[in-house]
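Asker: Provided herewith: work36.tsv, TSV, C-alpha atoms.
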```
chain	number	residue	atom	x	y	z
A	1	MET	CA	0.00	0.00	0.00
A	2	ILE	CA	2.76	2.41	0.93
A	3	ARG	CA	4.69	1.38	-2.16
A	4	THR	CA	1.76	2.24	-4.49
A	5	ILE	CA	1.18	5.59	-2.78
A	6	LEU	CA	4.87	6.51	-3.11
A	7	SER	CA	5.01	5.38	-6.74
A	8	LEU	CA	1.89	7.46	-7.53
A	9	ALA	CA	3.46	10.47	-5.79
A	10	VAL	CA	6.67	10.10	-7.80
A	11	LEU	CA	4.72	9.65	-11.02
A	12	ALA	CA	2.61	12.73	-10.26
A	13	SER	CA	5.70	14.83	-9.50
A	14	PHE	CA	7.23	13.85	-12.85
A	15	ALA	CA	3.98	14.65	-14.62
A	16	VAL	CA	3.82	18.09	-12.99
A	17	ALA	CA	7.51	18.89	-13.57
A	18	ALA	CA	7.58	17.91	-17.26
A	19	PRO	CA	5.65	20.93	-18.63
A	20	LEU	CA	7.62	23.31	-16.39
A	21	GLN	CA	10.85	22.56	-18.25
A	22	ALA	CA	9.67	24.06	-21.53
A	23	GLU	CA	11.82	26.61	-23.33
A	24	PRO	CA	11.22	30.24	-22.33
A	25	ALA	CA	9.22	32.46	-24.66
A	26	PRO	CA	11.34	34.71	-26.93
A	27	ASN	CA	12.10	38.09	-25.45
A	28	LYS	CA	10.22	40.91	-27.17
A	29	GLN	CA	12.95	43.47	-26.53
A	30	SER	CA	15.65	41.54	-28.36
A	31	SER	CA	13.48	41.07	-31.46
A	32	SER	CA	12.46	44.72	-31.69
A	33	LYS	CA	16.02	46.04	-31.38
A	34	LYS	CA	18.29	45.54	-34.32
A	35	ARG	CA	21.92	45.35	-33.38
A	36	THR	CA	24.52	46.30	-35.93
A	37	THR	CA	28.04	45.02	-35.65
A	38	VAL	CA	31.02	46.35	-37.51
A	39	LYS	CA	32.71	43.61	-39.48
A	40	ILE	CA	36.28	44.10	-40.51
A	41	VAL	CA	37.01	42.24	-43.69
A	42	PRO	CA	40.69	41.82	-44.54
A	43	SER	CA	41.70	42.75	-48.03
A	44	VAL	CA	42.56	40.14	-50.63
A	45	PRO	CA	46.20	39.05	-50.29
A	46	LEU	CA	48.50	40.15	-53.06
A	47	LYS	CA	50.54	37.79	-55.24
A	48	SER	CA	53.44	38.15	-52.85
A	49	GLY	CA	51.29	36.98	-49.90
A	50	TRP	CA	50.97	40.34	-48.14
A	51	SER	CA	47.62	41.86	-47.17
A	52	LEU	CA	46.71	45.07	-45.36
A	53	VAL	CA	44.59	44.37	-42.26
A	54	ASN	CA	43.67	47.19	-39.84
A	55	GLY	CA	46.57	49.28	-41.08
A	56	VAL	CA	49.17	46.51	-40.56
A	57	TRP	CA	50.73	44.56	-43.40
A	58	THR	CA	50.38	40.83	-42.65
A	59	HIS	CA	51.93	37.95	-44.57
A	60	SER	CA	50.25	34.56	-44.98
A	61	ASP	CA	53.32	32.81	-43.48
A	62	GLY	CA	52.95	34.62	-40.14
A	63	TYR	CA	55.00	37.77	-40.64
A	64	GLN	CA	54.12	41.43	-40.18
A	65	PHE	CA	55.62	44.50	-41.79
A	66	VAL	CA	55.89	47.10	-39.01
A	67	LYS	CA	57.87	50.35	-39.19
A	68	GLY	CA	59.84	49.20	-42.21
A	69	GLN	CA	60.85	45.82	-40.73
A	70	VAL	CA	59.57	42.29	-41.33
A	71	ILE	CA	58.72	40.75	-37.94
A	72	ARG	CA	57.75	37.12	-37.31
A	73	VAL	CA	54.56	36.83	-35.24
A	74	GLY	CA	53.61	33.21	-35.92
A	75	THR	CA	55.39	29.98	-35.21
A	76	GLN	CA	58.93	29.57	-36.46
A	77	THR	CA	59.00	28.00	-39.92
A	78	HIS	CA	62.79	27.89	-40.49
A	79	LYS	CA	62.32	29.63	-43.81
A	80	LYS	CA	63.78	32.84	-45.11
A	81	PRO	CA	61.50	35.81	-44.29
A	82	PRO	CA	59.52	37.10	-47.28
A	83	GLN	CA	60.40	40.31	-49.05
A	84	PRO	CA	58.41	43.30	-47.75
A	85	PRO	CA	55.59	44.64	-49.92
A	86	THR	CA	56.76	46.92	-52.68
A	87	LYS	CA	56.04	50.64	-52.73
A	88	ALA	CA	53.60	50.12	-55.62
A	89	GLU	CA	51.67	47.50	-53.61
A	90	MET	CA	51.50	49.78	-50.59
A	91	ASP	CA	50.28	52.72	-52.67
A	92	ALA	CA	47.65	50.60	-54.41
A	93	ALA	CA	46.30	49.30	-51.08
A	94	MET	CA	46.18	52.76	-49.53
A	95	LYS	CA	44.09	54.15	-52.42
A	96	LYS	CA	41.27	51.69	-51.71
A	97	PRO	CA	38.74	52.88	-49.13
A	98	GLN	CA	39.17	50.88	-45.94
A	99	GLY	CA	36.68	50.15	-43.17
A	100	PRO	CA	32.92	50.63	-42.89
A	101	LYS	CA	31.10	53.58	-44.41
A	102	THR	CA	29.77	56.38	-42.28
A	103	PRO	CA	26.05	57.17	-42.28
A	104	ALA	CA	26.77	60.36	-44.23
A	105	GLN	CA	28.53	58.38	-46.99
A	106	ILE	CA	25.67	55.86	-47.14
A	107	ALA	CA	23.10	58.66	-47.40
A	108	ALA	CA	25.09	60.38	-50.15
A	109	GLU	CA	25.30	57.14	-52.17
A	110	LYS	CA	21.56	56.54	-51.79
A	111	GLU	CA	20.79	60.07	-52.94
A	112	ALA	CA	23.07	59.72	-55.96
A	113	ALA	CA	21.38	56.43	-56.89
A	114	ARG	CA	17.96	58.02	-56.48
A	115	GLN	CA	18.94	60.90	-58.79
A	116	ARG	CA	20.25	58.43	-61.39
A	117	ASN	CA	17.00	56.48	-61.26
A	118	LEU	CA	14.82	59.58	-61.53
A	119	ARG	CA	16.63	60.92	-64.60
A	120	PRO	CA	14.41	60.49	-67.68
A	121	ILE	CA	15.75	58.28	-70.41
A	122	PRO	CA	14.84	58.68	-74.07
A	123	ALA	CA	12.19	56.39	-75.48
A	124	PRO	CA	13.36	53.63	-77.81
A	125	GLN	CA	13.12	54.43	-81.52
A	126	THR	CA	12.30	50.95	-82.75
A	127	GLY	CA	8.51	51.15	-83.17
A	128	PHE	CA	6.42	50.98	-86.39
A	129	HIS	CA	3.90	53.66	-87.38
```
If you took the structure in this file and wrote it as structure tokens, what would it be?
Answerer:
Amino acid sequence: MIRTILSLAVLASFAVAAPLQAEPAPNKQSSSKKRTTVKIVPSVPLKSGWSLVNGVWTHSDGYQFVKGQVIRVGTQTHKKPPQPPTKAEMDAAMKKPQGPKTPAQIAAEKEAARQRNLRPIPAPQTGFH
């Protein structure tokens, strides 16, 4: 008799506890707020293996070009350090716009695109009369 009462009590406690372990409802605040994160995308490495990341020249073999010197930052590879990037490569990389765009730049680009789309274009001259 005691055994059946205890087994029913245990069974009832499991039955009551099972629905309480459901996943919480999604938070309304997190869905209404849109978070923007700044992603830094490294530039495409050049033929020589160097790429400009956050203003520092980094080589694919684990070297950095800092203040005119090639410095090893990765594990030792027992290879000869690579040649530093040439002046032409450095100038070409510096001409490209780096980093995310400011809201003013984004607004200016949208306005320029809007003006291009609103400009009337001539009608095609291919119809028959």
Asker: Taking all atoms listed in the file into account, name the residue in A:Pro122, A:Pro84, A:Gly74, A:Pro103 that is nearest to A:Trp57.
Answerer: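 Distance minimum relative to A:Trp57 lands on A:Pro84.
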Asker: Let me make sure I understand: among A:Ser13, A:Pro82, A:Lys95, A:Gln69, which one has the smallest atom-to-atom distance to A:Trp50 if we use all atoms listed in the file?
Answerer: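 Ranking A:Ser13, A:Pro82, A:Lys95, A:Gln69 by distance to A:Trp50, first place goes to A:Pro82.
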Asker: Could you state the separation of atom CA of A:Ala93 and atom CA of A:Pro81 in Å, given to one decimal place?
Answerer: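 Computed distance, atom CA of A:Ala93 to atom CA of A:Pro81, equals 21.4 Å.
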Asker: Any idea what the distance is between atom CA of A:Asp61 and atom CA of A:His78?
Answerer: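 Going from atom CA of A:Asp61 over to atom CA of A:His78 covers 11.1 Å.
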Asker: For a test of reading the model, state the distance in Å between atom CA of A:Phe14 and atom CA of A:Met1, rounded to one decimal.
Answerer: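 According to the coordinates, atom CA of A:Phe14 and atom CA of A:Met1 are separated by 20.2 Å.
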Asker: When distances are computed from all atoms listed in the file, which of A:Thr126, A:Thr86, A:Thr4, A:Thr77 shows the smallest separation from A:Ser48?
Answerer: A:Thr86
